[in-house]
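*Asks:* What follows is target33.pdb, made up of PDB, N, CA and C atoms:
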```pdb
ATOM      1  N   MET N   1     200.440  72.971 -80.955
ATOM      2  CA  MET N   1     199.159  72.332 -81.062
ATOM      3  C   MET N   1     198.576  72.657 -82.434
ATOM      4  N   TYR N   2     197.826  71.708 -82.964
ATOM      5  CA  TYR N   2     197.208  71.855 -84.286
ATOM      6  C   TYR N   2     195.708  71.655 -84.154
ATOM      7  N   THR N   3     194.945  72.354 -84.981
ATOM      8  CA  THR N   3     193.503  72.194 -84.968
ATOM      9  C   THR N   3     192.982  71.908 -86.368
ATOM     10  N   VAL N   4     191.936  71.108 -86.414
ATOM     11  CA  VAL N   4     191.146  70.916 -87.625
ATOM     12  C   VAL N   4     189.780  71.503 -87.286
ATOM     13  N   VAL N   5     189.362  72.506 -88.065
ATOM     14  CA  VAL N   5     188.126  73.233 -87.783
ATOM     15  C   VAL N   5     187.150  73.031 -88.931
ATOM     16  N   PHE N   6     185.952  72.603 -88.577
ATOM     17  CA  PHE N   6     184.866  72.479 -89.540
ATOM     18  C   PHE N   6     183.913  73.645 -89.307
ATOM     19  N   ARG N   7     183.762  74.522 -90.307
ATOM     20  CA  ARG N   7     182.849  75.660 -90.229
ATOM     21  C   ARG N   7     181.460  75.186 -90.636
ATOM     22  N   ARG N   8     180.497  75.314 -89.737
ATOM     23  CA  ARG N   8     179.148  74.796 -89.953
ATOM     24  C   ARG N   8     178.310  75.726 -90.834
ATOM     25  N   THR N   9     177.366  75.140 -91.573
ATOM     26  CA  THR N   9     176.475  75.931 -92.423
ATOM     27  C   THR N   9     175.303  76.510 -91.637
ATOM     28  N   ASN N  10     174.904  75.855 -90.568
ATOM     29  CA  ASN N  10     173.801  76.362 -89.756
ATOM     30  C   ASN N  10     174.357  77.220 -88.630
ATOM     31  N   ASN N  11     173.567  77.551 -87.678
ATOM     32  CA  ASN N  11     174.025  78.406 -86.577
ATOM     33  C   ASN N  11     174.642  77.627 -85.431
ATOM     34  N   GLU N  12     174.948  76.380 -85.655
ATOM     35  CA  GLU N  12     175.605  75.573 -84.634
ATOM     36  C   GLU N  12     177.068  76.001 -84.492
ATOM     37  N   PRO N  13     177.671  75.753 -83.330
ATOM     38  CA  PRO N  13     179.097  76.080 -83.166
ATOM     39  C   PRO N  13     179.972  75.257 -84.121
ATOM     40  N   ASP N  14     181.081  75.842 -84.530
ATOM     41  CA  ASP N  14     182.041  75.120 -85.366
ATOM     42  C   ASP N  14     182.588  73.921 -84.606
ATOM     43  N   GLU N  15     182.970  72.893 -85.337
ATOM     44  CA  GLU N  15     183.594  71.717 -84.723
ATOM     45  C   GLU N  15     185.104  71.916 -84.763
ATOM     46  N   ILE N  16     185.747  71.812 -83.614
ATOM     47  CA  ILE N  16     187.188  72.019 -83.519
ATOM     48  C   ILE N  16     187.811  70.786 -82.874
ATOM     49  N   TYR N  17     188.793  70.226 -83.559
ATOM     50  CA  TYR N  17     189.507  69.043 -83.072
ATOM     51  C   TYR N  17     190.960  69.435 -82.830
ATOM     52  N   TYR N  18     191.490  69.095 -81.664
ATOM     53  CA  TYR N  18     192.841  69.475 -81.244
ATOM     54  C   TYR N  18     193.792  68.290 -81.329
ATOM     55  N   TYR N  19     195.004  68.566 -81.809
ATOM     56  CA  TYR N  19     196.042  67.529 -81.934
ATOM     57  C   TYR N  19     197.380  68.079 -81.488
ATOM     58  N   ASN N  20     198.153  67.248 -80.827
ATOM     59  CA  ASN N  20     199.515  67.627 -80.450
ATOM     60  C   ASN N  20     200.486  67.430 -81.599
ATOM     61  N   GLU N  21     200.210  66.489 -82.463
ATOM     62  CA  GLU N  21     201.118  66.157 -83.566
ATOM     63  C   GLU N  21     200.532  66.599 -84.900
ATOM     64  N   TYR N  22     201.363  67.216 -85.720
ATOM     65  CA  TYR N  22     200.934  67.663 -87.048
ATOM     66  C   TYR N  22     200.443  66.495 -87.898
ATOM     67  N   LYS N  23     201.136  65.375 -87.836
ATOM     68  CA  LYS N  23     200.766  64.224 -88.674
ATOM     69  C   LYS N  23     199.367  63.735 -88.355
ATOM     70  N   ASP N  24     198.951  63.795 -87.095
ATOM     71  CA  ASP N  24     197.613  63.366 -86.704
ATOM     72  C   ASP N  24     196.544  64.341 -87.214
ATOM     73  N   ALA N  25     196.826  65.623 -87.099
ATOM     74  CA  ALA N  25     195.894  66.638 -87.603
ATOM     75  C   ALA N  25     195.782  66.554 -89.122
ATOM     76  N   LEU N  26     196.900  66.377 -89.791
ATOM     77  CA  LEU N  26     196.892  66.271 -91.248
ATOM     78  C   LEU N  26     196.139  65.031 -91.705
ATOM     79  N   TYR N  27     196.287  63.931 -91.003
ATOM     80  CA  TYR N  27     195.558  62.704 -91.334
ATOM     81  C   TYR N  27     194.045  62.940 -91.258
ATOM     82  N   HIS N  28     193.587  63.553 -90.165
ATOM     83  CA  HIS N  28     192.160  63.844 -89.992
ATOM     84  C   HIS N  28     191.684  64.793 -91.103
ATOM     85  N   TYR N  29     192.428  65.835 -91.354
ATOM     86  CA  TYR N  29     192.090  66.814 -92.394
ATOM     87  C   TYR N  29     191.956  66.137 -93.758
ATOM     88  N   ASN N  30     192.911  65.305 -94.108
ATOM     89  CA  ASN N  30     192.904  64.650 -95.424
ATOM     90  C   ASN N  30     191.794  63.608 -95.563
ATOM     91  N   LEU N  31     191.354  63.027 -94.462
ATOM     92  CA  LEU N  31     190.232  62.091 -94.535
ATOM     93  C   LEU N  31     189.000  62.762 -95.142
ATOM     94  N   PHE N  32     188.753  64.001 -94.747
ATOM     95  CA  PHE N  32     187.572  64.714 -95.230
ATOM     96  C   PHE N  32     187.845  65.466 -96.525
ATOM     97  N   LYS N  33     189.046  65.968 -96.686
ATOM     98  CA  LYS N  33     189.372  66.715 -97.902
ATOM     99  C   LYS N  33     189.285  65.819 -99.130
ATOM    100  N   ASN N  34     189.629  64.571 -98.992
ATOM    101  CA  ASN N  34     189.645  63.651-100.120
ATOM    102  C   ASN N  34     188.380  62.800-100.222
ATOM    103  N   ASP N  35     187.370  63.119 -99.428
ATOM    104  CA  ASP N  35     186.107  62.372 -99.446
ATOM    105  C   ASP N  35     185.056  63.204-100.181
ATOM    106  N   ASN N  36     184.410  62.613-101.169
ATOM    107  CA  ASN N  36     183.444  63.341-101.993
ATOM    108  C   ASN N  36     182.000  63.153-101.539
ATOM    109  N   ASP N  37     181.782  62.881-100.275
ATOM    110  CA  ASP N  37     180.431  62.698 -99.764
ATOM    111  C   ASP N  37     179.626  63.985 -99.965
ATOM    112  N   PRO N  38     178.510  63.940-100.695
ATOM    113  CA  PRO N  38     177.734  65.155-100.969
ATOM    114  C   PRO N  38     177.077  65.753 -99.731
ATOM    115  N   ASP N  39     176.947  64.990 -98.660
ATOM    116  CA  ASP N  39     176.334  65.518 -97.433
ATOM    117  C   ASP N  39     177.221  66.551 -96.739
ATOM    118  N   TYR N  40     178.522  66.492 -96.950
ATOM    119  CA  TYR N  40     179.429  67.436 -96.287
ATOM    120  C   TYR N  40     179.117  68.878 -96.662
ATOM    121  N   LYS N  41     178.793  69.142 -97.918
ATOM    122  CA  LYS N  41     178.519  70.519 -98.323
ATOM    123  C   LYS N  41     177.242  71.053 -97.689
ATOM    124  N   ASP N  42     176.343  70.166 -97.275
ATOM    125  CA  ASP N  42     175.138  70.593 -96.573
ATOM    126  C   ASP N  42     175.407  70.879 -95.098
ATOM    127  N   MET N  43     176.393  70.214 -94.538
ATOM    128  CA  MET N  43     176.710  70.374 -93.116
ATOM    129  C   MET N  43     177.763  71.445 -92.847
ATOM    130  N   TYR N  44     178.729  71.568 -93.776
ATOM    131  CA  TYR N  44     179.888  72.430 -93.532
ATOM    132  C   TYR N  44     180.120  73.413 -94.677
ATOM    133  N   ILE N  45     180.601  74.581 -94.326
ATOM    134  CA  ILE N  45     181.009  75.574 -95.323
ATOM    135  C   ILE N  45     182.437  75.282 -95.757
ATOM    136  N   SER N  46     183.301  75.106 -94.751
ATOM    137  CA  SER N  46     184.719  74.888 -95.044
ATOM    138  C   SER N  46     185.370  74.123 -93.909
ATOM    139  N   MET N  47     186.619  73.759 -94.160
ATOM    140  CA  MET N  47     187.424  73.049 -93.181
ATOM    141  C   MET N  47     188.811  73.690 -93.206
ATOM    142  N   GLU N  48     189.417  73.839 -92.030
ATOM    143  CA  GLU N  48     190.731  74.468 -91.924
ATOM    144  C   GLU N  48     191.682  73.591 -91.118
ATOM    145  N   LEU N  49     192.950  73.663 -91.484
ATOM    146  CA  LEU N  49     194.027  73.049 -90.712
ATOM    147  C   LEU N  49     194.894  74.189 -90.213
ATOM    148  N   ASN N  50     195.014  74.319 -88.885
ATOM    149  CA  ASN N  50     195.722  75.450 -88.282
ATOM    150  C   ASN N  50     196.798  74.976 -87.326
ATOM    151  N   ILE N  51     197.785  75.834 -87.145
ATOM    152  CA  ILE N  51     198.751  75.640 -86.059
ATOM    153  C   ILE N  51     198.457  76.720 -85.021
ATOM    154  N   GLU N  52     198.396  76.307 -83.766
ATOM    155  CA  GLU N  52     198.062  77.207 -82.663
ATOM    156  C   GLU N  52     199.276  77.342 -81.737
ATOM    157  N   LYS N  53     199.684  78.566 -81.523
ATOM    158  CA  LYS N  53     200.777  78.850 -80.585
ATOM    159  C   LYS N  53     200.322  79.976 -79.663
ATOM    160  N   ARG N  54     199.902  79.602 -78.469
ATOM    161  CA  ARG N  54     199.364  80.541 -77.477
ATOM    162  C   ARG N  54     198.232  81.343 -78.092
ATOM    163  N   VAL N  55     198.371  82.654 -78.253
ATOM    164  CA  VAL N  55     197.289  83.468 -78.826
ATOM    165  C   VAL N  55     197.424  83.591 -80.336
ATOM    166  N   PHE N  56     198.444  82.996 -80.909
ATOM    167  CA  PHE N  56     198.720  83.079 -82.338
ATOM    168  C   PHE N  56     198.149  81.863 -83.059
ATOM    169  N   SER N  57     197.468  82.103 -84.177
ATOM    170  CA  SER N  57     196.925  81.019 -84.984
ATOM    171  C   SER N  57     197.300  81.252 -86.437
ATOM    172  N   LEU N  58     197.826  80.226 -87.090
ATOM    173  CA  LEU N  58     198.231  80.318 -88.487
ATOM    174  C   LEU N  58     197.509  79.241 -89.281
ATOM    175  N   LYS N  59     196.784  79.654 -90.315
ATOM    176  CA  LYS N  59     196.083  78.702 -91.161
ATOM    177  C   LYS N  59     197.085  78.038 -92.093
ATOM    178  N   ILE N  60     197.171  76.720 -92.056
ATOM    179  CA  ILE N  60     198.084  75.959 -92.896
ATOM    180  C   ILE N  60     197.420  75.649 -94.230
ATOM    181  N   ASP N  61     196.151  75.273 -94.183
ATOM    182  CA  ASP N  61     195.424  74.928 -95.411
ATOM    183  C   ASP N  61     193.936  75.116 -95.143
ATOM    184  N   SER N  62     193.183  75.306 -96.215
ATOM    185  CA  SER N  62     191.741  75.477 -96.115
ATOM    186  C   SER N  62     191.077  74.800 -97.293
ATOM    187  N   PHE N  63     189.900  74.269 -97.073
ATOM    188  CA  PHE N  63     189.167  73.550 -98.108
ATOM    189  C   PHE N  63     187.705  73.958 -98.027
ATOM    190  N   ILE N  64     187.103  74.318 -99.173
ATOM    191  CA  ILE N  64     185.683  74.682 -99.212
ATOM    192  C   ILE N  64     184.908  73.515 -99.790
ATOM    193  N   PHE N  65     183.887  73.089 -99.076
ATOM    194  CA  PHE N  65     183.051  71.993 -99.554
ATOM    195  C   PHE N  65     182.142  72.494-100.660
ATOM    196  N   LYS N  66     182.217  71.866-101.821
ATOM    197  CA  LYS N  66     181.373  72.256-102.967
ATOM    198  C   LYS N  66     180.663  71.060-103.527
TER     199      LYS N  66
END
```
I need this file expressed as C-alpha coordinates, please.
*Replies:*
Amino acid sequence: MYTVVFRRTNNEPDEIYYYNEYKDALYHYNLFKNDNDPDYKDMYISMELNIEKRVFSLKIDSFIFK
(Lines of atoms letter the chains of each structure in order from A and count residues from 1; the text may use other names and numbers.)
(Lines give C-alpha, C1' and ligand atoms only; values in the text may rest on other atoms or scores of the structure.)
Protein backbone atom coordinates (compact mmCIF):
# COMPACT_ATOMS: atom_id res chain seq x y z
CA MET A 1 0.00 0.00 0.00
CA TYR A 2 1.15 3.54 -0.75
CA THR A 3 0.21 6.81 0.89
CA VAL A 4 0.33 10.45 -0.13
CA VAL A 5 0.43 12.59 3.02
CA PHE A 6 -0.17 16.31 3.17
CA ARG A 7 1.22 17.86 6.39
CA ARG A 8 -1.07 20.72 7.41
CA THR A 9 0.14 24.15 8.57
CA ASN A 10 -2.66 24.59 11.11
CA ASN A 11 -3.65 22.21 13.88
CA GLU A 12 -5.92 20.20 11.62
CA PRO A 13 -5.15 16.50 11.05
CA ASP A 14 -2.86 15.65 8.15
CA GLU A 15 -4.54 14.53 4.94
CA ILE A 16 -3.66 10.93 4.06
CA TYR A 17 -4.63 9.27 0.79
CA TYR A 18 -4.23 5.49 0.37
CA TYR A 19 -3.44 3.66 -2.88
CA ASN A 20 -2.92 0.03 -3.76
CA GLU A 21 -0.85 0.85 -6.84
CA TYR A 22 2.36 2.87 -6.85
CA LYS A 23 1.50 4.47 -10.20
CA ASP A 24 -1.74 5.89 -8.77
CA ALA A 25 -0.02 7.32 -5.69
CA LEU A 26 2.77 8.77 -7.81
CA TYR A 27 0.25 10.39 -10.16
CA HIS A 28 -1.53 12.09 -7.23
CA TYR A 29 1.80 13.16 -5.69
CA ASN A 30 3.07 14.65 -8.96
CA LEU A 31 -0.16 16.59 -9.54
CA PHE A 32 0.65 18.72 -6.50
CA LYS A 33 4.43 18.62 -6.67
CA ASN A 34 4.39 20.18 -10.13
CA ASP A 35 1.66 22.74 -9.36
CA ASN A 36 2.84 26.23 -8.37
CA ASP A 37 -0.41 27.35 -6.73
CA PRO A 38 0.65 29.84 -4.00
CA ASP A 39 -2.24 28.76 -1.75
CA TYR A 40 -0.63 25.37 -1.11
CA LYS A 41 2.14 26.86 1.03
CA ASP A 42 -0.52 28.46 3.23
CA MET A 43 -2.39 25.18 3.68
CA TYR A 44 0.44 22.63 3.80
CA ILE A 45 3.96 22.38 5.19
CA SER A 46 4.99 19.39 3.11
CA MET A 47 3.82 16.41 1.13
CA GLU A 48 5.17 12.85 1.32
CA LEU A 49 4.96 9.73 -0.82
CA ASN A 50 5.33 6.59 1.31
CA ILE A 51 5.20 2.85 0.98
CA GLU A 52 3.39 1.12 3.85
CA LYS A 53 4.03 -2.49 4.78
CA ARG A 54 2.18 -3.49 7.96
CA VAL A 55 3.87 -1.47 10.74
CA PHE A 56 6.74 -0.43 8.47
CA SER A 57 6.67 2.87 6.57
CA LEU A 58 9.31 4.05 4.10
CA LYS A 59 9.35 7.57 2.71
CA ILE A 60 9.90 7.44 -1.06
CA ASP A 61 9.93 11.19 -1.69
CA SER A 62 9.13 14.43 0.11
CA PHE A 63 8.33 17.93 -1.09
CA ILE A 64 8.22 21.17 0.94
CA PHE A 65 5.81 23.83 -0.23
CA LYS A 66 7.63 27.16 -0.57
*Asks:* Tell me which protein, DNA and RNA residues are within 5 Å of Thr9 (chain N), counting only N, CA and C atoms, leaving out same-chain ones fewer than 2 positions away, and put them as an MDAnalysis selection string.
*Replies:* chainID N and resid 7 11 43:45
*Asks:* How would you write, as a ChimeraX atom specification, the residues chosen by the PyMOL selection byres (((chain N and resi 5 and name CA) around 12) and name CA) on this structure?
*Replies:* /N:2-4,6-8,13-19,25-26,28-29,32,44-52,59-64
*Asks:* Quote the spacing between atom N of Met1 (chain N) and atom C of Lys33 (chain N) in Å to one decimal place.
*Replies:*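 Result for atom N of Met1 (chain N) versus atom C of Lys33 (chain N): 22.5 Å, one decimal.
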*Asks:* Mind giving me the axis-aligned box for region 30-40 of chain N with 4 Å on every side, centre plus edges in Å to one decimal, as lines of an AutoDock Vina configuration file?
*Replies:*
```
center_x = 184.6
center_y = 65.5
center_z = -98.1
size_x = 24.6
size_y = 14.8
size_z = 15.9
```
*Asks:* So which residues of chain N fall under alpha helix (DSSP H) by DSSP, listed as an MDAnalysis selection string?
*Replies:* chainID N and resid 22:33 40:43
*Asks:* What is the distance between atom N of Asp35 (chain N) and CA of Ser57 (chain N), in Å to one decimal?
*Replies:*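 Computed distance, atom N of Asp35 (chain N) to CA of Ser57 (chain N), equals 24.9 Å.
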*Asks:* If I take atom C of Tyr40 (chain N) and atom N of Tyr22 (chain N), how far is one from the other in Å, to one decimal?
*Replies:*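 About the pair atom C of Tyr40 (chain N) and atom N of Tyr22 (chain N): they are 24.8 Å apart.
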